[in-house]
>>> print(open('target-v3.txt').read())   # compact mmCIF, C-alpha atoms
# COMPACT_ATOMS: atom_id res chain seq x y z
CA MET A 45 19.00 22.94 -11.80
CA ALA A 46 17.74 19.39 -11.73
CA GLU A 47 15.60 18.58 -8.72
CA GLU A 48 17.23 15.97 -6.47
CA LYS A 49 14.24 15.14 -4.32
CA SER A 50 12.59 12.16 -5.99
CA GLN A 51 9.59 12.60 -3.73
CA ALA A 52 9.05 16.12 -4.91
CA SER A 53 9.58 15.34 -8.60
CA SER A 54 5.88 14.80 -8.99
CA SER A 55 5.21 18.34 -7.79
CA LYS A 56 7.70 19.93 -10.16
CA MET A 57 5.81 22.13 -12.56
CA LEU A 58 6.32 22.61 -16.25
CA THR A 59 4.84 25.14 -18.63
CA LEU A 60 3.35 24.12 -21.95
CA LYS A 61 2.76 26.80 -24.55
CA ALA A 62 0.00 26.16 -27.09
CA SER A 63 0.09 27.34 -30.71
CA ASP A 64 -2.05 30.37 -29.94
CA GLY A 65 0.19 31.41 -27.04
CA VAL A 66 -1.98 30.09 -24.20
CA LEU A 67 0.17 28.84 -21.30
CA PHE A 68 -0.54 25.82 -19.14
CA GLU A 69 1.25 24.97 -15.94
CA VAL A 70 1.22 21.22 -15.39
CA GLU A 71 2.84 18.80 -13.02
CA LEU A 72 5.76 16.85 -14.41
CA ASN A 73 4.08 13.48 -14.09
CA ILE A 74 1.10 14.74 -16.09
CA ALA A 75 3.33 16.18 -18.77
CA LYS A 76 5.23 12.92 -19.03
CA GLU A 77 2.09 11.13 -20.22
CA MET A 78 2.69 13.03 -23.44
CA LYS A 79 5.57 11.07 -24.91
CA THR A 80 6.51 13.95 -27.17
CA VAL A 81 6.95 16.19 -24.13
CA GLN A 82 8.83 13.42 -22.33
CA ALA A 83 11.30 13.28 -25.20
CA TYR A 84 11.73 17.05 -24.95
CA ILE A 85 12.47 16.79 -21.25
CA ASP A 86 14.91 13.94 -21.80
CA ASP A 87 16.81 16.06 -24.25
CA CYS A 88 17.01 19.21 -22.14
CA GLU A 89 16.55 18.63 -18.43
CA ASP A 90 16.47 22.29 -17.48
CA ILE A 91 13.64 23.26 -19.73
CA GLU A 92 10.74 25.05 -18.13
CA THR A 93 8.56 26.08 -21.04
CA ILE A 94 7.84 23.65 -23.83
CA PRO A 95 6.30 24.90 -27.09
CA ILE A 96 3.47 22.83 -28.54
CA PRO A 97 3.18 24.35 -32.00
CA ASN A 98 0.51 22.07 -33.43
CA VAL A 99 -2.14 22.32 -30.76
CA LEU A 100 -4.54 25.13 -29.90
CA GLY A 101 -4.96 26.20 -26.29
CA LYS A 102 -8.56 25.04 -26.33
CA HIS A 103 -7.54 21.49 -27.23
CA LEU A 104 -4.47 21.34 -25.04
CA ALA A 105 -6.70 22.17 -22.08
CA ILE A 106 -8.97 19.24 -22.94
CA VAL A 107 -6.01 16.90 -23.38
CA ILE A 108 -4.52 17.84 -20.02
CA GLU A 109 -7.84 17.35 -18.29
CA TYR A 110 -8.16 13.93 -19.94
CA ILE A 111 -4.77 12.85 -18.65
CA LYS A 112 -5.66 13.92 -15.15
CA LYS A 113 -9.02 12.24 -15.05
CA THR A 114 -8.80 9.26 -17.37
CA ASN A 115 -10.47 6.07 -16.22
CA GLU A 116 -13.07 3.78 -17.74
CA GLU A 117 -16.02 5.88 -16.65
CA TYR A 118 -14.49 9.13 -17.68
CA ASP A 119 -13.47 7.80 -21.07
CA ALA A 120 -16.94 6.53 -21.79
CA GLU A 121 -18.45 9.99 -21.20
CA PHE A 122 -15.52 12.00 -22.52
CA GLU A 123 -16.21 11.82 -26.22
CA LYS A 124 -19.86 12.80 -25.93
CA GLN A 125 -19.09 16.43 -25.21
CA TRP A 126 -17.25 17.25 -28.41
CA ASN A 127 -18.39 17.87 -31.95
CA MET A 128 -16.84 16.03 -34.89
CA ASP A 129 -14.36 18.80 -35.73
CA ASP A 130 -13.09 18.96 -32.18
CA LEU A 131 -12.81 15.20 -32.02
CA GLN A 132 -10.59 15.21 -35.09
CA LEU A 133 -8.45 18.09 -33.84
CA LEU A 134 -8.13 16.39 -30.47
CA LEU A 135 -7.05 13.22 -32.25
CA LEU A 136 -4.39 15.13 -34.17
CA ALA A 137 -3.25 16.69 -30.90
CA ALA A 138 -3.12 13.32 -29.13
CA ASN A 139 -1.17 11.92 -32.06
CA TYR A 140 1.33 14.77 -32.04
CA LEU A 141 1.74 14.60 -28.28
CA ASN A 142 1.93 10.82 -28.50
CA ILE A 143 -0.68 9.87 -25.90
CA SER A 144 -1.77 6.39 -26.93
CA GLY A 145 -4.71 6.03 -24.54
CA LEU A 146 -6.32 9.22 -25.75
CA GLN A 147 -5.68 8.36 -29.39
CA GLU A 148 -7.39 5.03 -28.96
CA CYS A 149 -10.35 6.62 -27.19
CA LEU A 150 -10.77 9.24 -29.92
CA CYS A 151 -10.39 6.79 -32.83
CA LYS A 152 -13.13 4.67 -31.28
CA ALA A 153 -15.32 7.73 -30.78
CA ILE A 154 -14.98 8.92 -34.36
CA ALA A 155 -15.53 5.42 -35.73
CA LYS A 156 -18.67 5.15 -33.63
CA ARG A 157 -19.99 8.41 -35.04
CA ILE A 158 -19.54 7.42 -38.66
CA GLU A 159 -20.47 3.77 -38.26
CA ASN A 160 -23.96 3.87 -39.65
CA LYS A 161 -23.64 6.86 -41.92
CA SER A 162 -23.73 7.33 -45.67
CA PRO A 163 -20.67 7.82 -47.88
CA GLU A 164 -21.72 11.45 -48.44
CA TYR A 165 -21.66 12.13 -44.74
CA VAL A 166 -18.23 10.57 -44.40
CA ARG A 167 -16.86 12.62 -47.29
CA LYS A 168 -17.94 15.80 -45.51
CA VAL A 169 -16.42 14.68 -42.22
CA PHE A 170 -12.98 14.04 -43.66
CA ASN A 171 -13.16 16.58 -46.47
CA ILE A 172 -12.75 13.97 -49.17
CA GLU A 173 -13.45 14.51 -52.81
CA ASN A 174 -15.35 11.81 -54.64
CA ASP A 175 -13.08 10.72 -57.48
CA HIS A 176 -15.30 7.84 -58.61
CA SER A 177 -16.98 8.21 -61.97
CA PRO A 178 -20.79 8.04 -61.76
CA GLU A 179 -20.65 4.58 -63.40
CA GLU A 180 -18.08 3.31 -60.93
CA GLU A 181 -20.07 4.55 -58.00
CA ALA A 182 -23.29 3.07 -59.35
CA LYS A 183 -21.53 -0.25 -59.78
CA LEU A 184 -20.24 -0.22 -56.20
CA ARG A 185 -23.62 0.70 -54.84
CA LYS A 186 -25.18 -2.19 -56.65
CA GLU A 187 -22.49 -4.65 -55.62
CA TYR A 188 -22.75 -3.68 -51.97
CA LYS A 189 -26.46 -3.11 -51.79
CA TRP A 190 -26.58 -5.12 -48.58
CA ALA A 191 -24.21 -2.67 -46.93
CA PHE A 192 -26.64 0.20 -47.48
CA GLU A 193 -29.54 -1.36 -45.64
CA GLY A 194 -30.56 0.42 -42.46
CA VAL A 195 -28.13 3.29 -42.90
CA ASP A 196 -28.98 6.57 -41.10
CA LYS A 197 -30.47 9.29 -43.26
CA ASP A 198 -28.15 12.28 -43.50
CA MET B 143 -17.66 25.97 -46.18
CA GLU B 144 -17.87 27.49 -42.72
CA LYS B 145 -15.56 25.08 -41.05
CA SER B 146 -12.50 25.67 -43.19
CA VAL B 147 -12.84 29.46 -42.88
CA THR B 148 -12.78 29.25 -39.10
CA LEU B 149 -9.72 27.07 -39.20
CA THR B 150 -7.80 29.45 -41.43
CA ILE B 151 -8.49 32.32 -39.07
CA MET B 152 -7.23 30.32 -36.13
CA GLY B 153 -4.01 29.90 -37.98
CA LYS B 154 -1.58 27.09 -37.95
CA VAL B 155 -3.82 24.14 -37.18
CA SER B 156 -4.88 22.02 -40.13
CA LYS B 157 -7.62 19.43 -39.97
CA HIS B 158 -6.10 17.06 -42.45
CA ILE B 159 -5.93 13.57 -40.99
CA PRO B 160 -2.93 11.60 -42.25
CA ASP B 161 -3.48 8.08 -43.55
CA ASP B 162 -2.10 6.12 -40.61
CA ILE B 163 -4.47 7.85 -38.20
CA LEU B 164 -7.36 7.51 -40.64
CA PHE B 165 -6.66 3.78 -40.88
CA SER B 166 -6.77 3.50 -37.10
CA ILE B 167 -10.25 4.99 -37.18
CA LEU B 168 -11.44 2.87 -40.10
CA SER B 169 -10.07 -0.33 -38.63
CA LYS B 170 -12.66 -0.02 -35.87
CA LEU B 171 -15.59 -0.01 -38.27
CA SER B 172 -17.81 -2.96 -39.08
CA LEU B 173 -17.34 -4.78 -42.36
CA LYS B 174 -20.72 -3.54 -43.44
CA SER B 175 -19.58 0.06 -43.12
CA LEU B 176 -16.17 -0.57 -44.66
CA ASN B 177 -17.81 -2.04 -47.72
CA ARG B 178 -20.34 0.75 -47.94
CA PHE B 179 -17.54 3.32 -47.70
CA LYS B 180 -15.91 1.95 -50.81
CA CYS B 181 -18.13 4.53 -52.49
CA VAL B 182 -16.39 7.39 -50.70
CA SER B 183 -13.42 7.55 -53.02
CA LYS B 184 -11.14 5.41 -55.17
CA SER B 185 -8.56 4.95 -52.44
CA TRP B 186 -11.22 3.93 -49.94
CA SER B 187 -12.49 1.30 -52.39
CA MET B 188 -9.01 -0.24 -52.31
CA LEU B 189 -8.65 -0.43 -48.55
CA PHE B 190 -8.64 -4.20 -48.38
CA LYS B 191 -5.79 -4.27 -50.85
CA ASN B 192 -3.80 -1.66 -48.98
CA PRO B 193 -1.13 -3.45 -46.91
CA CYS B 194 -0.83 -0.57 -44.41
CA PHE B 195 -4.52 -0.62 -43.72
CA MET B 196 -4.72 -4.42 -43.57
CA ARG B 197 -1.91 -4.56 -41.02
CA ILE B 198 -3.75 -2.17 -38.72
CA TYR B 199 -7.10 -3.84 -39.39
CA ARG B 200 -5.80 -7.29 -38.59
CA ASP B 201 -4.13 -6.08 -35.40
CA HIS B 202 -7.39 -4.61 -34.32
CA ILE B 203 -9.40 -7.75 -35.03
CA ILE B 204 -6.88 -9.95 -33.28
CA HIS B 205 -6.63 -7.66 -30.28
CA ARG B 206 -10.37 -7.45 -30.05
CA ASN B 207 -10.81 -11.20 -30.22
CA HIS B 208 -8.13 -11.94 -27.70
CA SER B 209 -8.57 -9.15 -25.24
CA ASP B 210 -9.85 -9.74 -21.76
CA HIS B 211 -11.93 -6.65 -21.82
CA ASP B 212 -15.63 -6.76 -22.08
CA ASP B 213 -15.09 -4.81 -25.21
CA ASN B 214 -16.22 -7.64 -27.41
CA ASP B 215 -19.45 -6.01 -28.33
CA ASP B 216 -18.58 -6.89 -31.86
CA ALA B 217 -17.67 -10.57 -31.63
CA SER B 218 -18.61 -12.26 -34.86
CA LEU B 219 -19.15 -15.65 -36.37
CA ILE B 220 -19.17 -16.90 -39.87
CA LEU B 221 -22.09 -19.12 -40.70
CA ARG B 222 -22.36 -21.44 -43.62
CA HIS B 223 -25.84 -22.03 -44.85
CA ILE B 224 -26.23 -25.06 -47.06
CA VAL B 225 -29.28 -25.70 -49.13
CA GLN B 226 -29.68 -28.98 -50.90
CA ALA B 227 -31.18 -27.97 -54.22
CA PRO B 228 -32.14 -30.69 -56.74
CA ARG B 229 -28.84 -30.82 -58.59
CA GLU B 230 -26.37 -29.00 -56.45
CA LEU B 231 -25.50 -27.68 -53.05
CA GLN B 232 -26.06 -23.98 -52.59
CA ILE B 233 -23.70 -22.60 -50.05
CA SER B 234 -23.94 -19.09 -48.62
CA LEU B 235 -21.75 -17.51 -46.01
CA TYR B 236 -22.98 -15.02 -43.46
CA LEU B 237 -21.12 -12.77 -41.06
CA VAL B 238 -23.04 -12.61 -37.83
CA SER B 239 -22.33 -10.15 -35.04
CA GLY B 240 -23.87 -8.16 -32.21
CA ASP B 241 -24.80 -8.96 -28.63
CA ASN B 242 -27.32 -11.56 -29.65
CA PHE B 243 -25.80 -12.12 -33.06
CA GLU B 244 -28.72 -10.26 -34.50
CA ASN B 245 -26.71 -8.57 -37.25
CA LYS B 246 -26.59 -10.95 -40.13
CA VAL B 247 -24.78 -9.88 -43.25
CA LYS B 248 -24.55 -12.13 -46.26
CA LEU B 249 -21.08 -12.33 -47.73
CA ASP B 250 -21.25 -12.29 -51.46
CA THR B 251 -17.71 -13.53 -51.94
CA PRO B 252 -17.98 -17.05 -53.24
CA LEU B 253 -15.83 -19.81 -51.82
CA PRO B 254 -12.52 -20.00 -53.67
CA SER B 255 -13.44 -22.82 -56.03
CA GLN B 256 -10.76 -21.71 -58.46
CA GLU B 257 -8.12 -22.83 -55.99
CA LEU B 258 -9.93 -25.72 -54.40
CA GLY B 259 -12.60 -27.04 -56.75
CA GLN B 260 -16.18 -27.48 -55.65
CA LYS B 261 -15.91 -29.81 -52.69
CA ILE B 262 -14.56 -27.53 -50.05
CA ILE B 263 -14.23 -28.37 -46.37
CA ILE B 264 -13.96 -25.77 -43.64
CA VAL B 265 -11.33 -27.11 -41.27
CA GLY B 266 -12.27 -27.38 -37.65
CA ILE B 267 -15.58 -25.63 -38.31
CA VAL B 268 -14.03 -22.53 -36.90
CA SER B 269 -13.23 -19.02 -37.98
CA ILE B 270 -10.18 -17.46 -36.36
CA ASN B 271 -10.16 -13.68 -36.54
CA GLY B 272 -12.55 -13.95 -39.46
CA ILE B 273 -10.28 -16.32 -41.36
CA LEU B 274 -11.24 -19.78 -42.47
CA CYS B 275 -8.91 -22.67 -43.15
CA LEU B 276 -10.17 -24.52 -46.20
CA THR B 277 -9.21 -27.69 -47.94
CA SER B 278 -10.74 -29.96 -50.50
CA MET B 279 -12.54 -33.28 -50.08
CA VAL B 280 -11.00 -34.41 -53.33
CA VAL B 281 -7.52 -35.78 -52.65
CA ALA B 282 -6.20 -34.80 -56.06
CA ASP B 283 -7.17 -31.19 -55.36
CA ARG B 284 -5.79 -31.34 -51.88
CA LYS B 285 -4.42 -27.93 -51.00
CA VAL B 286 -4.80 -26.02 -47.80
CA VAL B 287 -5.65 -22.36 -47.92
CA LEU B 288 -6.38 -19.61 -45.46
CA TRP B 289 -9.22 -17.44 -46.68
CA ASN B 290 -10.90 -14.34 -45.36
CA PRO B 291 -14.40 -14.26 -46.82
CA ALA B 292 -14.98 -10.66 -45.87
CA THR B 293 -11.96 -9.24 -47.67
CA ASP B 294 -11.41 -12.11 -50.15
CA GLU B 295 -7.76 -12.45 -49.16
CA LEU B 296 -6.40 -15.88 -49.94
CA LYS B 297 -3.17 -17.52 -48.92
CA VAL B 298 -2.22 -20.97 -50.13
CA ILE B 299 -0.25 -22.90 -47.56
CA PRO B 300 2.77 -24.47 -49.24
CA PRO B 301 2.83 -28.24 -48.97
CA SER B 302 4.88 -29.76 -46.22
CA PRO B 303 8.42 -30.69 -47.24
CA VAL B 304 7.70 -34.31 -46.41
CA GLU B 305 5.09 -34.50 -49.12
CA TYR B 306 7.84 -34.30 -51.68
CA ILE B 307 9.40 -37.51 -50.49
CA THR B 308 7.21 -39.48 -52.82
CA SER B 309 9.15 -42.73 -52.71
CA PHE B 310 7.80 -43.24 -49.23
CA ARG B 311 4.34 -42.16 -50.00
CA ILE B 312 2.37 -45.32 -50.38
CA PHE B 313 -0.70 -44.03 -48.72
CA PHE B 314 -0.93 -40.33 -48.54
CA LEU B 315 -3.67 -39.28 -46.24
CA PRO B 316 -2.98 -35.83 -44.96
CA GLN B 317 -5.49 -34.84 -42.40
CA ILE B 318 -5.90 -31.40 -41.01
CA HIS B 319 -6.40 -31.62 -37.31
CA GLY B 320 -6.84 -28.05 -36.45
CA PHE B 321 -6.39 -24.41 -37.14
CA GLY B 322 -5.65 -21.66 -34.70
CA TYR B 323 -3.83 -18.45 -33.92
CA ASP B 324 -0.64 -18.17 -31.92
CA GLY B 325 -0.73 -14.81 -30.13
CA VAL B 326 2.88 -15.12 -29.02
CA LYS B 327 4.33 -15.58 -32.46
CA ASP B 328 1.57 -13.55 -34.12
CA ASP B 329 0.98 -16.22 -36.69
CA TYR B 330 -1.59 -18.81 -37.65
CA LYS B 331 -0.97 -22.49 -37.10
CA VAL B 332 -2.33 -25.42 -39.04
CA LEU B 333 -1.95 -28.85 -37.53
CA ARG B 334 -1.58 -31.61 -40.04
CA TYR B 335 -1.13 -35.32 -39.64
CA VAL B 336 0.65 -37.33 -42.30
CA GLN B 337 0.96 -41.07 -42.43
CA TYR B 338 3.35 -43.11 -44.52
CA ASN B 339 3.89 -46.77 -45.04
CA GLN B 340 7.48 -47.76 -44.75
CA PHE B 341 8.16 -51.01 -46.49
CA GLY B 342 11.76 -52.04 -46.03
CA ILE B 343 13.18 -48.61 -46.74
CA SER B 344 16.02 -47.66 -44.50
CA TYR B 345 16.07 -44.62 -42.35
CA GLU B 346 19.24 -43.17 -43.81
CA HIS B 347 17.61 -42.26 -47.06
CA VAL B 348 15.40 -39.85 -45.39
CA ARG B 349 16.64 -36.68 -43.86
CA TRP B 350 14.39 -35.15 -41.31
CA ASN B 351 16.00 -31.78 -41.06
CA LYS B 352 14.21 -28.94 -39.49
CA ARG B 353 13.04 -26.82 -42.31
CA SER B 354 11.62 -23.46 -41.85
CA TYR B 355 10.14 -20.98 -44.19
CA GLU B 356 7.23 -18.75 -43.87
CA PRO B 357 4.96 -19.93 -42.30
CA SER B 358 7.38 -21.91 -40.17
CA TRP B 359 7.30 -25.64 -40.43
CA GLU B 360 8.86 -28.02 -37.99
CA ILE B 361 8.99 -31.72 -37.73
CA TYR B 362 8.69 -32.32 -34.10
CA ARG B 363 8.13 -35.97 -33.65
CA GLU B 364 8.55 -39.21 -35.47
CA VAL B 365 7.13 -42.44 -34.27
CA THR B 366 7.48 -45.90 -35.69
CA ARG B 367 4.58 -48.12 -35.06
CA GLY B 368 4.73 -51.66 -36.36
CA GLY B 369 6.52 -50.87 -39.60
CA ASN B 370 4.68 -47.64 -40.26
CA LEU B 371 6.58 -44.44 -40.04
CA ILE B 372 4.39 -41.72 -38.74
CA LEU B 373 5.39 -38.12 -38.71
CA LYS B 374 3.64 -35.40 -36.86
CA CYS B 375 4.27 -32.03 -38.38
CA LEU B 376 3.53 -28.80 -36.67
CA CYS B 377 3.38 -26.06 -39.24
>>> encode(input="target-v3.txt", output="structure tokens")
Amino acid sequence: MAEEKSQASSSKMLTLKASDGVLFEVELNIAKEMKTVQAYIDDCEDIETIPIPNVLGKHLAIVIEYIKKTNEEYDAEFEKQWNMDDLQLLLLAANYLNISGLQECLCKAIAKRIENKSPEYVRKVFNIENDHSPEEEAKLRKEYKWAFEGVDKD
Amino acid sequence: MEKSVTLTIMGKVSKHIPDDILFSILSKLSLKSLNRFKCVSKSWSMLFKNPCFMRIYRDHIIHRNHSDHDDNDDASLILRHIVQAPRELQISLYLVSGDNFENKVKLDTPLPSQELGQKIIIVGIVSINGILCLTSMVVADRKVVLWNPATDELKVIPPSPVEYITSFRIFFLPQIHGFGYDGVKDDYKVLRYVQYNQFGISYEHVRWNKRSYEPSWEIYREVTRGGNLILKCLC
């Protein structure tokens, strides 16, 4: 049954089910910040439990907390708590759930963490295989020698 | 590797970051890092030639330069350093950024002398979103290009339609007045002033239609001043 009271619509609760089965009860207005969830609700008004198959409970909890608390101060401190793996998984979650503010915050955070690092470090972070031949790589390193100055040691 | 084992146990969540998200991350990096990361892999070495990446990168630069936020911790300038050596001018370009512009990175990309010859002018002495508008001091070589020294992207601006009307072109002195970015139309604008001498040639022979092609060109005003027909083109 669709709620008629517009005043009370913000207190209507929805359940989100993470990929590992963990359940989260959230207010409708919080859930709507996730555009993916919003689309779900638009399609089926009566829904009470929405499956979120791509996101672990651990990360969904963090995402929900972000939505509730986001502001400039919070955002600035937010990224510091998480390791690189979590940051990436949170970014994938934010992307799936379509929360642009959180995506932006996480992209910035990850960029900041790799900014002054070596190519080896970056390969590990994103699990990338080096398909340059040794000669090609040597040539690039020589050509961009200036870009290697002052880089953090791994 | 530890990390991938843990992820398999947890099941359905993969850590692979698709390209569009990766590009969003990379677009926020400094040019110094982007160039260093060309060593990461073949596809990363081709980032500046990847249209998907460049679209996101440009959006980011433009947004950063035009945002009201105090986020501009990475505002940058392009400096041209000219040294008068005995037989020639040595010109180097530097990208300067940071709070006090303390990060100075020399750009090894040479000025596009293939397109413009040796005597290159930087229009307006300004870099818009890292792009320079260049033309040549030599009238015979006179082309206008937009050039990004950091990525070596070059775009030649097609000549104005009026330049083809050679029968009217007694004196052809195109002057570039300015170069800027139009945030509303999301396009760059070059302001050019063209002067013709009209000696007894009637108006009817000349058709001043609005022509548009990319970038859009419009003739927006014509003024006759004592026998001279002056056109101001906004392009």
>>> closest_atom_pairs(input="target-v3.txt", of="chain A", to="chain B", cutoff="7 Å", atoms="all atoms listed in the file", output="JSON lines")
{"residue": "A:Asn98", "atom": "CA", "partner": "B:Val155", "partner_atom": "CA", "distance": 6.1}
{"residue": "A:Val99", "atom": "CA", "partner": "B:Val155", "partner_atom": "CA", "distance": 6.9}
{"residue": "A:Leu133", "atom": "CA", "partner": "B:Lys157", "partner_atom": "CA", "distance": 6.3}
{"residue": "A:Cys151", "atom": "CA", "partner": "B:Ile167", "partner_atom": "CA", "distance": 4.7}
{"residue": "A:Lys152", "atom": "CA", "partner": "B:Ile167", "partner_atom": "CA", "distance": 6.6}
{"residue": "A:Ile154", "atom": "CA", "partner": "B:Ile167", "partner_atom": "CA", "distance": 6.8}
{"residue": "A:Ala155", "atom": "CA", "partner": "B:Ile167", "partner_atom": "CA", "distance": 5.5}
{"residue": "A:Glu159", "atom": "CA", "partner": "B:Leu171", "partner_atom": "CA", "distance": 6.2}
{"residue": "A:Asn160", "atom": "CA", "partner": "B:Ser175", "partner_atom": "CA", "distance": 6.8}
{"residue": "A:Pro163", "atom": "CA", "partner": "B:Val182", "partner_atom": "CA", "distance": 5.1}
{"residue": "A:Arg167", "atom": "CA", "partner": "B:Val182", "partner_atom": "CA", "distance": 6.3}
{"residue": "A:Glu173", "atom": "CA", "partner": "B:Ser183", "partner_atom": "CA", "distance": 7.0}
{"residue": "A:Asn174", "atom": "CA", "partner": "B:Ser183", "partner_atom": "CA", "distance": 4.9}
{"residue": "A:Asp175", "atom": "CA", "partner": "B:Ser183", "partner_atom": "CA", "distance": 5.5}
{"residue": "A:His176", "atom": "CA", "partner": "B:Ser183", "partner_atom": "CA", "distance": 5.9}
{"residue": "A:Glu181", "atom": "CA", "partner": "B:Cys181", "partner_atom": "CA", "distance": 5.8}
{"residue": "A:Leu184", "atom": "CA", "partner": "B:Cys181", "partner_atom": "CA", "distance": 6.4}
{"residue": "A:Tyr188", "atom": "CA", "partner": "B:Arg178", "partner_atom": "CA", "distance": 6.5}
{"residue": "A:Ala191", "atom": "CA", "partner": "B:Lys174", "partner_atom": "CA", "distance": 5.0}
{"residue": "A:Phe192", "atom": "CA", "partner": "B:Arg178", "partner_atom": "CA", "distance": 6.3}
>>> write_last_selection(input="target-v3.txt", atoms="C-alpha atoms", output="compact mmCIF listing (two decimals), in the frame of the given file")
# COMPACT_ATOMS: atom_id res chain seq x y z
CA ASN A 98 0.51 22.07 -33.43
CA VAL A 99 -2.14 22.32 -30.76
CA LEU A 133 -8.45 18.09 -33.84
CA CYS A 151 -10.39 6.79 -32.83
CA LYS A 152 -13.13 4.67 -31.28
CA ILE A 154 -14.98 8.92 -34.36
CA ALA A 155 -15.53 5.42 -35.73
CA GLU A 159 -20.47 3.77 -38.26
CA ASN A 160 -23.96 3.87 -39.65
CA PRO A 163 -20.67 7.82 -47.88
CA ARG A 167 -16.86 12.62 -47.29
CA GLU A 173 -13.45 14.51 -52.81
CA ASN A 174 -15.35 11.81 -54.64
CA ASP A 175 -13.08 10.72 -57.48
CA HIS A 176 -15.30 7.84 -58.61
CA GLU A 181 -20.07 4.55 -58.00
CA LEU A 184 -20.24 -0.22 -56.20
CA TYR A 188 -22.75 -3.68 -51.97
CA ALA A 191 -24.21 -2.67 -46.93
CA PHE A 192 -26.64 0.20 -47.48
>>> atom_distance(input="target-v3.txt", atom1="atom CA of B:Ile299", atom2="atom CA of B:Asp201")
21.1 Å
>>> residues_near_point(input="target-v3.txt", point="(-7.2, -23.3, -47.0)", cutoff="9 Å", atoms="all atoms listed in the file", output="ChimeraX atom specification")
/B:258,263-265,274-278,285-289,296-299
>>> residues_around(input="target-v3.txt", residues="stretch 84-97 of chain A", least_positions_apart="4", cutoff="6 Å", atoms="only C-alpha atoms", output="list in words")
Leu58, Thr59, Leu60, Lys61, Ala62 and Ser63 of chain A
>>> residues_around(input="target-v3.txt", residues="B:Tyr323", least_positions_apart="4", cutoff="10 Å", atoms="all atoms listed in the file", output="PyMOL selection string")
chain B and resi 204+208+270-271+327-332
>>> write_last_selection(input="target-v3.txt", atoms="C-alpha atoms", output="CSV table (one decimal), in the coordinates of the input")
chain,number,residue,atom,x,y,z
B,204,ILE,CA,-6.9,-10.0,-33.3
B,208,HIS,CA,-8.1,-11.9,-27.7
B,270,ILE,CA,-10.2,-17.5,-36.4
B,271,ASN,CA,-10.2,-13.7,-36.5
B,327,LYS,CA,4.3,-15.6,-32.5
B,328,ASP,CA,1.6,-13.6,-34.1
B,329,ASP,CA,1.0,-16.2,-36.7
B,330,TYR,CA,-1.6,-18.8,-37.6
B,331,LYS,CA,-1.0,-22.5,-37.1
B,332,VAL,CA,-2.3,-25.4,-39.0
>>> atom_distance(input="target-v3.txt", atom1="atom CA of A:Gly101", atom2="atom CA of A:Val166")
27.4 Å
>>> atom_distance(input="target-v3.txt", atom1="atom CA of A:Met128", atom2="atom CA of A:Lys161")
13.4 Å
>>> closest_residue(input="target-v3.txt", among="A:Ile111, A:Asp64, A:Leu100, A:Glu187", to="A:Asp130", atoms="all atoms listed in the file")
A:Leu100
>>> residues_around(input="target-v3.txt", residues="B:Glu295", least_positions_apart="5", cutoff="12 Å", atoms="only C-alpha atoms", output="list of chain:residue names")
B:Phe190, B:Lys191, B:Asn192, B:Pro193, B:Met196, B:Arg200, B:Thr251, B:Pro252, B:Leu253, B:Pro254, B:Gly272, B:Ile273, B:Leu274, B:Cys275, B:Val287, B:Leu288, B:Trp289, B:Asn290
>>> write_last_selection(input="target-v3.txt", atoms="C-alpha atoms", output="PDB file, keeping the file's coordinate frame")
ATOM      1  CA  PHE B 190      -8.640  -4.200 -48.380  1.00  0.00           C
ATOM      2  CA  LYS B 191      -5.790  -4.270 -50.850  1.00  0.00           C
ATOM      3  CA  ASN B 192      -3.800  -1.660 -48.980  1.00  0.00           C
ATOM      4  CA  PRO B 193      -1.130  -3.450 -46.910  1.00  0.00           C
ATOM      5  CA  MET B 196      -4.720  -4.420 -43.570  1.00  0.00           C
ATOM      6  CA  ARG B 200      -5.800  -7.290 -38.590  1.00  0.00           C
ATOM      7  CA  THR B 251     -17.710 -13.530 -51.940  1.00  0.00           C
ATOM      8  CA  PRO B 252     -17.980 -17.050 -53.240  1.00  0.00           C
ATOM      9  CA  LEU B 253     -15.830 -19.810 -51.820  1.00  0.00           C
ATOM     10  CA  PRO B 254     -12.520 -20.000 -53.670  1.00  0.00           C
ATOM     11  CA  GLY B 272     -12.550 -13.950 -39.460  1.00  0.00           C
ATOM     12  CA  ILE B 273     -10.280 -16.320 -41.360  1.00  0.00           C
ATOM     13  CA  LEU B 274     -11.240 -19.780 -42.470  1.00  0.00           C
ATOM     14  CA  CYS B 275      -8.910 -22.670 -43.150  1.00  0.00           C
ATOM     15  CA  VAL B 287      -5.650 -22.360 -47.920  1.00  0.00           C
ATOM     16  CA  LEU B 288      -6.380 -19.610 -45.460  1.00  0.00           C
ATOM     17  CA  TRP B 289      -9.220 -17.440 -46.680  1.00  0.00           C
ATOM     18  CA  ASN B 290     -10.900 -14.340 -45.360  1.00  0.00           C
TER      19      ASN B 290
END
